[in-house]
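*Asks:* Have a peek at start16.cif (mmCIF, C-alpha atoms and all ligand atoms).
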data_target
loop_
_atom_site.group_PDB
_atom_site.id
_atom_site.type_symbol
_atom_site.label_atom_id
_atom_site.label_comp_id
_atom_site.auth_asym_id
_atom_site.auth_seq_id
_atom_site.Cartn_x
_atom_site.Cartn_y
_atom_site.Cartn_z
ATOM 1 C CA MET A 130 -48.702 -45.694 53.083
ATOM 2 C CA ASN A 131 -46.532 -44.976 50.044
ATOM 3 C CA ALA A 132 -43.792 -42.408 50.337
ATOM 4 C CA ALA A 133 -44.657 -39.092 48.705
ATOM 5 C CA ILE A 134 -43.681 -38.818 45.050
ATOM 6 C CA THR A 135 -41.245 -35.957 44.541
ATOM 7 C CA ASN A 136 -39.744 -34.581 41.361
ATOM 8 C CA PRO A 137 -36.041 -35.138 40.928
ATOM 9 C CA LEU A 138 -33.890 -32.138 41.779
ATOM 10 C CA ILE A 139 -31.999 -32.268 38.541
ATOM 11 C CA TYR A 140 -32.466 -33.480 34.999
ATOM 12 C CA PHE A 141 -30.508 -33.673 31.763
ATOM 13 C CA SER A 142 -31.939 -31.454 29.031
ATOM 14 C CA SER A 143 -31.739 -33.109 25.612
ATOM 15 C CA GLU A 144 -32.401 -29.677 24.084
ATOM 16 C CA THR A 145 -29.401 -27.899 25.559
ATOM 17 C CA MET A 146 -27.387 -31.070 26.327
ATOM 18 C CA GLN A 147 -26.784 -29.657 29.805
ATOM 19 C CA LEU A 148 -27.703 -30.581 33.358
ATOM 20 C CA LYS A 149 -30.525 -28.465 34.768
ATOM 21 C CA GLY A 150 -31.793 -27.898 38.261
ATOM 22 C CA SER A 151 -30.574 -26.571 41.536
ATOM 23 C CA GLY A 152 -27.180 -27.105 43.091
ATOM 24 C CA ILE A 153 -25.227 -27.715 39.904
ATOM 25 C CA VAL A 154 -21.641 -26.476 40.043
ATOM 26 C CA TYR A 155 -20.392 -25.012 36.769
ATOM 27 C CA THR A 156 -16.713 -24.664 35.844
ATOM 28 C CA GLU A 157 -14.981 -23.832 32.603
ATOM 29 C CA LYS A 158 -11.427 -24.349 31.449
ATOM 30 C CA THR A 159 -9.952 -21.821 29.067
ATOM 31 C CA ILE A 160 -6.808 -21.904 26.965
ATOM 32 C CA GLY A 161 -5.303 -19.562 29.564
ATOM 33 C CA GLN A 162 -5.930 -22.095 32.353
ATOM 34 C CA LEU A 163 -4.354 -24.993 30.483
ATOM 35 C CA ALA A 164 -0.729 -23.857 30.381
ATOM 36 C CA GLY A 165 1.664 -26.806 30.115
ATOM 37 C CA ILE A 166 -1.024 -29.292 29.124
ATOM 38 C CA PHE A 167 -0.672 -29.170 25.349
ATOM 39 C CA HIS A 168 2.575 -30.111 23.594
ATOM 40 C CA ASP A 169 3.008 -26.858 21.655
ATOM 41 C CA GLU A 170 3.136 -24.362 24.509
ATOM 42 C CA SER A 171 4.153 -21.478 22.231
ATOM 43 C CA ALA A 172 1.091 -22.094 20.002
ATOM 44 C CA ARG A 173 -1.115 -22.128 23.122
ATOM 45 C CA ALA A 174 0.443 -18.943 24.470
ATOM 46 C CA VAL A 175 -0.462 -16.892 21.370
ATOM 47 C CA MET A 176 -4.088 -18.086 21.228
ATOM 48 C CA ASN A 177 -6.926 -16.044 22.744
ATOM 49 C CA GLN A 178 -6.520 -16.976 26.415
ATOM 50 C CA ASP A 179 -10.290 -16.653 27.000
ATOM 51 C CA THR A 180 -11.158 -19.362 24.472
ATOM 52 C CA VAL A 181 -13.185 -21.984 26.324
ATOM 53 C CA VAL A 182 -11.803 -25.498 25.783
ATOM 54 C CA TYR A 183 -14.363 -27.341 27.933
ATOM 55 C CA THR A 184 -17.011 -26.858 30.580
ATOM 56 C CA VAL A 185 -18.076 -29.166 33.411
ATOM 57 C CA GLN A 186 -21.396 -29.159 35.204
ATOM 58 C CA ALA A 187 -21.329 -31.273 38.329
ATOM 59 C CA TYR A 188 -24.082 -32.403 40.645
ATOM 60 C CA LEU A 189 -22.561 -33.103 44.072
ATOM 61 C CA PRO A 190 -25.372 -34.355 46.317
ATOM 62 C CA VAL A 191 -22.943 -34.965 49.217
ATOM 63 C CA LYS A 192 -19.780 -33.213 50.397
ATOM 64 C CA PRO A 193 -16.647 -34.103 48.390
ATOM 65 C CA GLY A 194 -14.714 -36.694 50.370
ATOM 66 C CA THR A 195 -17.815 -38.454 51.687
ATOM 67 C CA ASP A 196 -17.535 -42.193 51.207
ATOM 68 C CA GLY A 197 -20.465 -44.095 49.759
ATOM 69 C CA GLY A 198 -21.893 -41.246 47.645
ATOM 70 C CA LEU A 199 -21.799 -40.586 43.922
ATOM 71 C CA PHE A 200 -21.232 -37.503 41.772
ATOM 72 C CA LEU A 201 -22.589 -36.821 38.307
ATOM 73 C CA GLY A 202 -21.034 -34.529 35.706
ATOM 74 C CA THR A 203 -21.635 -33.316 32.171
ATOM 75 C CA THR A 204 -18.534 -32.293 30.252
ATOM 76 C CA THR A 205 -18.701 -30.345 26.987
ATOM 77 C CA ILE A 206 -15.479 -30.122 24.981
ATOM 78 C CA TYR A 207 -15.456 -27.585 22.162
ATOM 79 C CA PRO A 208 -14.011 -28.506 18.771
ATOM 80 C CA GLY A 209 -10.539 -27.117 18.229
ATOM 81 C CA ALA A 210 -6.851 -27.741 18.550
ATOM 82 C CA VAL A 211 -3.641 -26.281 19.889
ATOM 83 C CA HIS A 212 -1.442 -26.577 16.821
ATOM 84 C CA ASP A 213 -2.347 -30.159 15.791
ATOM 85 C CA GLU A 214 -3.412 -31.460 19.233
ATOM 86 C CA TYR A 215 -7.155 -31.782 19.753
ATOM 87 C CA PHE A 216 -8.881 -29.845 22.538
ATOM 88 C CA MET A 217 -9.048 -32.155 25.539
ATOM 89 C CA THR A 218 -9.631 -32.273 29.271
ATOM 90 C CA HIS A 219 -6.762 -31.811 31.719
ATOM 91 C CA GLY A 220 -6.967 -35.473 32.782
ATOM 92 C CA HIS A 221 -6.442 -36.886 36.243
ATOM 93 C CA PHE A 222 -5.919 -39.870 38.486
ATOM 94 C CA HIS A 223 -8.217 -40.092 41.478
ATOM 95 C CA GLU A 224 -6.801 -38.981 44.807
ATOM 96 C CA ILE A 225 -7.981 -42.305 46.210
ATOM 97 C CA ARG A 226 -6.254 -44.178 43.421
ATOM 98 C CA ASN A 227 -8.411 -47.283 43.266
ATOM 99 C CA ARG A 228 -11.669 -45.425 42.593
ATOM 100 C CA GLY A 229 -13.249 -46.071 39.182
ATOM 101 C CA GLU A 230 -15.662 -44.040 37.066
ATOM 102 C CA PHE A 231 -18.231 -44.389 34.277
ATOM 103 C CA TYR A 232 -18.221 -42.140 31.213
ATOM 104 C CA TRP A 233 -20.928 -42.224 28.549
ATOM 105 C CA GLY A 234 -21.208 -40.373 25.266
ATOM 106 C CA ILE A 235 -24.120 -38.016 24.611
ATOM 107 C CA GLN A 236 -23.196 -36.052 21.500
ATOM 108 C CA GLY A 237 -20.239 -35.642 19.159
ATOM 109 C CA GLU A 238 -17.117 -37.723 18.694
ATOM 110 C CA GLY A 239 -14.014 -38.186 20.713
ATOM 111 C CA LEU A 240 -11.487 -40.478 22.245
ATOM 112 C CA LEU A 241 -11.098 -41.528 25.867
ATOM 113 C CA LEU A 242 -7.468 -42.050 26.849
ATOM 114 C CA MET A 243 -6.888 -44.258 29.864
ATOM 115 C CA MET A 244 -3.408 -44.607 31.309
ATOM 116 C CA ALA A 245 -2.433 -47.218 33.906
ATOM 117 C CA ALA A 246 0.180 -46.631 36.611
ATOM 118 C CA ASP A 247 2.857 -48.219 34.354
ATOM 119 C CA ARG A 248 1.936 -45.527 31.755
ATOM 120 C CA SER A 249 0.472 -48.059 29.290
ATOM 121 C CA ILE A 250 -2.436 -46.576 27.314
ATOM 122 C CA GLN A 251 -5.851 -47.776 26.216
ATOM 123 C CA THR A 252 -8.246 -45.754 24.097
ATOM 124 C CA GLU A 253 -11.982 -45.981 23.503
ATOM 125 C CA HIS A 254 -14.112 -44.174 20.932
ATOM 126 C CA ILE A 255 -16.733 -41.907 22.570
ATOM 127 C CA HIS A 256 -19.912 -41.283 20.596
ATOM 128 C CA THR A 257 -23.648 -41.019 21.267
ATOM 129 C CA GLY A 258 -24.614 -43.969 23.463
ATOM 130 C CA SER A 259 -21.111 -45.318 24.085
ATOM 131 C CA ILE A 260 -20.443 -46.459 27.647
ATOM 132 C CA HIS A 261 -16.973 -46.563 29.195
ATOM 133 C CA TYR A 262 -15.759 -48.084 32.417
ATOM 134 C CA VAL A 263 -12.623 -46.403 33.746
ATOM 135 C CA PRO A 264 -11.068 -48.840 36.222
ATOM 136 C CA GLY A 265 -9.381 -47.674 39.412
ATOM 137 C CA ASN A 266 -5.679 -46.737 39.323
ATOM 138 C CA THR A 267 -6.167 -45.330 35.823
ATOM 139 C CA ALA A 268 -5.710 -41.742 34.640
ATOM 140 C CA HIS A 269 -8.402 -40.551 32.246
ATOM 141 C CA ARG A 270 -8.661 -37.769 29.692
ATOM 142 C CA VAL A 271 -11.010 -37.103 26.753
ATOM 143 C CA ALA A 272 -10.203 -35.382 23.452
ATOM 144 C CA ASN A 273 -12.751 -33.991 20.994
ATOM 145 C CA THR A 274 -11.824 -35.391 17.566
ATOM 146 C CA GLY A 275 -14.921 -34.085 15.757
ATOM 147 C CA ASN A 276 -16.144 -30.807 14.331
ATOM 148 C CA ASP A 277 -18.974 -30.339 16.837
ATOM 149 C CA GLN A 278 -19.157 -30.097 20.595
ATOM 150 C CA LEU A 279 -18.417 -33.366 22.351
ATOM 151 C CA VAL A 280 -20.740 -33.935 25.310
ATOM 152 C CA PHE A 281 -20.309 -36.836 27.712
ATOM 153 C CA ASN A 282 -21.572 -37.648 31.171
ATOM 154 C CA ALA A 283 -19.613 -39.119 34.041
ATOM 155 C CA CYS A 284 -20.374 -40.745 37.379
ATOM 156 C CA TRP A 285 -17.717 -41.189 40.040
ATOM 157 C CA PRO A 286 -17.510 -41.915 43.787
ATOM 158 C CA SER A 287 -17.829 -38.888 46.045
ATOM 159 C CA ASP A 288 -14.616 -39.772 47.891
ATOM 160 C CA ALA A 289 -12.518 -40.272 44.714
ATOM 161 C CA GLY A 290 -11.059 -36.748 44.523
ATOM 162 C CA HIS A 291 -8.950 -35.414 41.642
ATOM 163 C CA ASP A 292 -5.182 -35.779 41.546
ATOM 164 C CA TYR A 293 -3.906 -33.520 38.763
ATOM 165 C CA LYS A 294 -0.223 -33.500 39.827
ATOM 166 C CA GLU A 295 1.077 -36.520 37.910
ATOM 167 C CA ILE A 296 -0.577 -35.336 34.686
ATOM 168 C CA SER A 297 0.550 -31.714 35.123
ATOM 169 C CA THR A 298 4.131 -32.925 35.632
ATOM 170 C CA ASN A 299 4.522 -35.878 33.249
ATOM 171 C CA GLY A 300 1.437 -35.725 31.023
ATOM 172 C CA PHE A 301 0.040 -38.835 29.402
ATOM 173 C CA SER A 302 2.455 -41.173 27.587
ATOM 174 C CA PHE A 303 0.609 -40.553 24.299
ATOM 175 C CA ARG A 304 -0.921 -37.485 22.663
ATOM 176 C CA LEU A 305 -3.801 -37.319 20.236
ATOM 177 C CA VAL A 306 -3.109 -35.251 17.131
ATOM 178 C CA ASN A 307 -4.998 -34.397 13.980
ATOM 179 C CA ASN A 308 -3.048 -35.938 11.098
ATOM 180 C CA ASN A 309 -4.662 -34.704 7.848
ATOM 181 C CA GLY A 310 -8.100 -34.888 9.424
ATOM 182 C CA LEU A 311 -7.596 -38.233 11.162
ATOM 183 C CA PRO A 312 -6.862 -38.763 14.865
ATOM 184 C CA GLN A 313 -3.439 -40.268 15.448
ATOM 185 C CA LEU A 314 -1.791 -41.312 18.699
ATOM 186 C CA ILE A 315 1.822 -40.243 18.987
ATOM 187 C CA LYS A 316 4.280 -40.941 21.756
ATOM 188 C CA ASN A 317 4.691 -38.015 24.148
ATOM 189 C CA THR A 318 8.270 -36.808 24.026
HETATM 190 C C1 LIG B 401 -15.657 -35.648 33.986
HETATM 191 C C2 LIG B 401 -15.333 -36.160 35.363
HETATM 192 C C3 LIG B 401 -14.985 -34.994 36.270
HETATM 193 C C4 LIG B 401 -13.869 -34.167 35.640
HETATM 194 C C5 LIG B 401 -14.265 -33.706 34.240
HETATM 195 C C6 LIG B 401 -13.152 -32.946 33.506
HETATM 196 O O1 LIG B 401 -16.825 -34.903 34.057
HETATM 197 O O2 LIG B 401 -14.256 -37.053 35.290
HETATM 198 O O3 LIG B 401 -14.582 -35.500 37.521
HETATM 199 O O4 LIG B 401 -13.564 -33.049 36.452
HETATM 200 O O5 LIG B 401 -14.574 -34.859 33.468
HETATM 201 O O6 LIG B 401 -11.928 -33.609 33.565
HETATM 202 P P1 LIG B 401 -10.652 -32.934 34.292
HETATM 203 O O7 LIG B 401 -11.021 -32.725 35.723
HETATM 204 O O8 LIG B 401 -9.564 -33.951 34.093
HETATM 205 O O9 LIG B 401 -10.390 -31.657 33.603
HETATM 206 ZN ZN ZN B 402 -12.210 -39.087 37.320
#
With the file now loaded, output its structure as structure tokens.
Ligand code: M6P
Ligand code: ZN
*Replies:*
Amino acid sequence: MNAAITNPLIYFSSETMQLKGSGIVYTEKTIGQLAGIFHDESARAVMNQDTVVYTVQAYLPVKPGTDGGLFLGTTTIYPGAVHDEYFMTHGHFHEIRNRGEFYWGIQGEGLLLMMAADRSIQTEHIHTGSIHYVPGNTAHRVANTGNDQLVFNACWPSDAGHDYKEISTNGFSFRLVNNNGLPQLIKNT
């Protein structure tokens, strides 16, 4: 006998560009929660602290830390900047350093910054349909370089974990700024 056909618990709505269904964990990061992340801290400090920079919806079918499972997330980064630095995610290494991740673009335009342990940088353009493999041992962050919301999905191992310490302390080696309307990478000083 065939196994019963069941509907999936979750789905991605192409109308709202959001994950739908039960058990989705929603978090948002505001300007107030991103102290020390952008270069111009005084510009950040005088902005409305409730301004949402990005939201994450995550589907965690197993407990974080479980090996062998996968997590799925939808990240929406709003258009904007702190001084000339595009709105971006905090960025992280994985707690288990060698764990990789897939990102894929759904809507909008942005840049994926990947930084290896030696602080060398690689960037990839995120746009509708783009697919990005983030290797293990690589920090990853995404900046919205467009005028609309940037939406991308991600899939990562359930035991990967997030290590934010290195990025909170030393940042990435390069920053992405808006130079007369064009994204430009500048060395982080
Ligand atoms: C993607 C995934 C998540 C991550 C989110 C935001 O959806 O990589 O694991 O939490 O982006 O990135 P960050 O945690 O660096 O703010
Ligand atoms: Zn990750």
*Asks:* Please write as a PyMOL selection string the full residue list that the PyMOL selection byres (((chain A and resi 206) around 7) and not hetatm) yields on this file.
*Replies:* chain A and resi 182-184+204-205+207-208+217+273+278-280
*Asks:* Hey, what comes out of the PyMOL selection byres (((chain A and resi 256) around 7) and not hetatm) on this file? Could you write it as a list in words?
*Replies:*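 On this input, the PyMOL selection byres (((chain A and resi 256) around 7) and not hetatm) captures Gly234, Ile235, Gln236, Gly237, Glu238, Gly239, His254, Ile255, Thr257, Gly258 and Ser259 of chain A.
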*Asks:* Given a cut-off of 9 Å, what residues near ligand ZN 402 (chain B) show up using only C-alpha atoms and all ligand atoms, put as a ChimeraX atom specification?
*Replies:* /A:220-223,228-231,263,267-270,283-286,289-292
*Asks:* Find the residue from A:Pro264, A:Gly194, A:Pro312, A:Gly161 that sits nearest to Asp213 in chain A; use all atoms listed in the file when measuring.
*Replies:* A:Pro312
*Asks:* Find the axis-aligned box for ligand LIG 401 (chain B), covering all its listed atoms and adding 5 Å on each side, and write its centre and edge lengths in Å to one decimal as lines of an AutoDock Vina configuration file.
*Replies:*
center_x = -13.2
center_y = -34.4
center_z = 35.5
size_x = 17.3
size_y = 15.4
size_z = 14.1
*Asks:* What is the distance, in Å and to one decimal place, between CA of Lys158 in chain A and CA of Val175 in chain A?
*Replies:*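 The value is 16.7 Å.
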*Asks:* Can you work out the spacing between CA of Ser249 in chain A and CA of Arg226 in chain A in Å, to one decimal?
*Replies:* 16.1 Å
*Asks:* Kindly indicate which residue among A:Leu201, A:Met176, A:Leu305, A:Ala210 lies nearest to Leu242 in chain A, using all atoms listed in the file for the distances.
*Replies:* A:Leu305
*Asks:* What separation in Å, quoted to one decimal, exists between atom C2 of ligand LIG 401 (chain B) and CA of Gln178 in chain A?
*Replies:*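 So the answer is 22.9 Å.
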*Asks:* So, with only C-alpha atoms and all ligand atoms as the atoms that count, which of A:Gly202, A:Gly209, A:Pro190, A:Gly165 lies closest to ligand LIG 401 (chain B)?
*Replies:*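 Comparing A:Gly202, A:Gly209, A:Pro190, A:Gly165 against ligand LIG 401 (chain B), the winner is A:Gly202.
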*Asks:* I'd like to know which of A:Val271, A:Val154, A:Val211, A:Leu148 is closest to ligand LIG 401 (chain B), using all atoms listed in the file.
*Replies:*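 Closest to ligand LIG 401 (chain B) of all the choices is A:Val271.
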*Asks:* Selected by the PyMOL selection byres (((chain A and resi 139) around 6) and not hetatm) in the shown coordinates: which residues, as a list of chain:residue names?
*Replies:*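 Expected selection for the PyMOL selection byres (((chain A and resi 139) around 6) and not hetatm) here is A:Pro137, A:Leu138, A:Tyr140, A:Lys149, A:Gly150.
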*Asks:* Restricting the calculation to all atoms listed in the file: of A:Glu157, A:Asp169, A:Asp179, A:Asp247, which residue gets closest to ligand LIG 401 (chain B)?
*Replies:*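 Once distances to ligand LIG 401 (chain B) are computed over all atoms listed in the file, the minimum belongs to A:Glu157.
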*Asks:* From the list A:Leu199, A:Ala172, A:Ala246, A:Leu241, which residue is nearest Asn227 in chain A when using all atoms listed in the file?
*Replies:*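 Nearest to Asn227 in chain A: A:Ala246.
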*Asks:* Can you list, as a PyMOL selection string, every protein, DNA or RNA residue that comes within 10 Å of His212 in chain A when you count only C-alpha atoms, leaving out same-chain residues fewer than 4 positions away?
*Replies:* chain A and resi 167-173+176+216+306-307
*Asks:* Where atoms are missing, can you supply N, CA and C atoms for range 297-316 of chain A and output the lot as a PDB file, keeping the file's coordinate frame?
*Replies:*
ATOM      1  N   SER A 297      -0.064 -33.036  35.338  1.00  0.00           N
ATOM      2  CA  SER A 297       0.550 -31.714  35.123  1.00  0.00           C
ATOM      3  C   SER A 297       2.055 -31.868  34.936  1.00  0.00           C
ATOM      4  N   THR A 298       2.669 -32.783  35.675  1.00  0.00           N
ATOM      5  CA  THR A 298       4.131 -32.925  35.632  1.00  0.00           C
ATOM      6  C   THR A 298       4.590 -33.761  34.445  1.00  0.00           C
ATOM      7  N   ASN A 299       4.004 -34.936  34.264  1.00  0.00           N
ATOM      8  CA  ASN A 299       4.522 -35.878  33.249  1.00  0.00           C
ATOM      9  C   ASN A 299       3.592 -36.071  32.054  1.00  0.00           C
ATOM     10  N   GLY A 300       2.397 -35.544  32.107  1.00  0.00           N
ATOM     11  CA  GLY A 300       1.437 -35.725  31.023  1.00  0.00           C
ATOM     12  C   GLY A 300       1.032 -37.181  30.868  1.00  0.00           C
ATOM     13  N   PHE A 301       0.335 -37.452  29.772  1.00  0.00           N
ATOM     14  CA  PHE A 301       0.040 -38.835  29.402  1.00  0.00           C
ATOM     15  C   PHE A 301       1.206 -39.328  28.542  1.00  0.00           C
ATOM     16  N   SER A 302       1.348 -40.639  28.385  1.00  0.00           N
ATOM     17  CA  SER A 302       2.455 -41.173  27.587  1.00  0.00           C
ATOM     18  C   SER A 302       2.200 -41.029  26.086  1.00  0.00           C
ATOM     19  N   PHE A 303       0.939 -40.787  25.711  1.00  0.00           N
ATOM     20  CA  PHE A 303       0.609 -40.553  24.299  1.00  0.00           C
ATOM     21  C   PHE A 303      -0.239 -39.301  24.158  1.00  0.00           C
ATOM     22  N   ARG A 304      -0.121 -38.658  22.995  1.00  0.00           N
ATOM     23  CA  ARG A 304      -0.921 -37.485  22.663  1.00  0.00           C
ATOM     24  C   ARG A 304      -1.776 -37.805  21.449  1.00  0.00           C
ATOM     25  N   LEU A 305      -2.885 -37.080  21.338  1.00  0.00           N
ATOM     26  CA  LEU A 305      -3.801 -37.319  20.236  1.00  0.00           C
ATOM     27  C   LEU A 305      -3.768 -36.121  19.292  1.00  0.00           C
ATOM     28  N   VAL A 306      -3.249 -36.360  18.084  1.00  0.00           N
ATOM     29  CA  VAL A 306      -3.109 -35.251  17.131  1.00  0.00           C
ATOM     30  C   VAL A 306      -3.955 -35.484  15.885  1.00  0.00           C
ATOM     31  N   ASN A 307      -4.248 -34.379  15.221  1.00  0.00           N
ATOM     32  CA  ASN A 307      -4.998 -34.397  13.980  1.00  0.00           C
ATOM     33  C   ASN A 307      -3.990 -34.521  12.840  1.00  0.00           C
ATOM     34  N   ASN A 308      -3.970 -35.700  12.200  1.00  0.00           N
ATOM     35  CA  ASN A 308      -3.048 -35.938  11.098  1.00  0.00           C
ATOM     36  C   ASN A 308      -3.862 -35.955   9.803  1.00  0.00           C
ATOM     37  N   ASN A 309      -3.867 -34.833   9.081  1.00  0.00           N
ATOM     38  CA  ASN A 309      -4.662 -34.704   7.848  1.00  0.00           C
ATOM     39  C   ASN A 309      -6.113 -35.098   8.055  1.00  0.00           C
ATOM     40  N   GLY A 310      -6.678 -34.654   9.165  1.00  0.00           N
ATOM     41  CA  GLY A 310      -8.100 -34.888   9.424  1.00  0.00           C
ATOM     42  C   GLY A 310      -8.389 -36.169  10.187  1.00  0.00           C
ATOM     43  N   LEU A 311      -7.373 -36.980  10.436  1.00  0.00           N
ATOM     44  CA  LEU A 311      -7.596 -38.233  11.162  1.00  0.00           C
ATOM     45  C   LEU A 311      -6.856 -38.228  12.492  1.00  0.00           C
ATOM     46  N   PRO A 312      -7.539 -38.701  13.577  1.00  0.00           N
ATOM     47  CA  PRO A 312      -6.862 -38.763  14.865  1.00  0.00           C
ATOM     48  C   PRO A 312      -5.722 -39.782  14.858  1.00  0.00           C
ATOM     49  N   GLN A 313      -4.595 -39.372  15.388  1.00  0.00           N
ATOM     50  CA  GLN A 313      -3.439 -40.268  15.448  1.00  0.00           C
ATOM     51  C   GLN A 313      -2.808 -40.154  16.827  1.00  0.00           C
ATOM     52  N   LEU A 314      -2.465 -41.299  17.394  1.00  0.00           N
ATOM     53  CA  LEU A 314      -1.791 -41.312  18.699  1.00  0.00           C
ATOM     54  C   LEU A 314      -0.290 -41.248  18.468  1.00  0.00           C
ATOM     55  N   ILE A 315       0.353 -40.298  19.111  1.00  0.00           N
ATOM     56  CA  ILE A 315       1.822 -40.243  18.987  1.00  0.00           C
ATOM     57  C   ILE A 315       2.428 -40.242  20.374  1.00  0.00           C
ATOM     58  N   LYS A 316       3.598 -40.835  20.473  1.00  0.00           N
ATOM     59  CA  LYS A 316       4.280 -40.941  21.756  1.00  0.00           C
ATOM     60  C   LYS A 316       4.608 -39.543  22.271  1.00  0.00           C
TER      61      LYS A 316
END
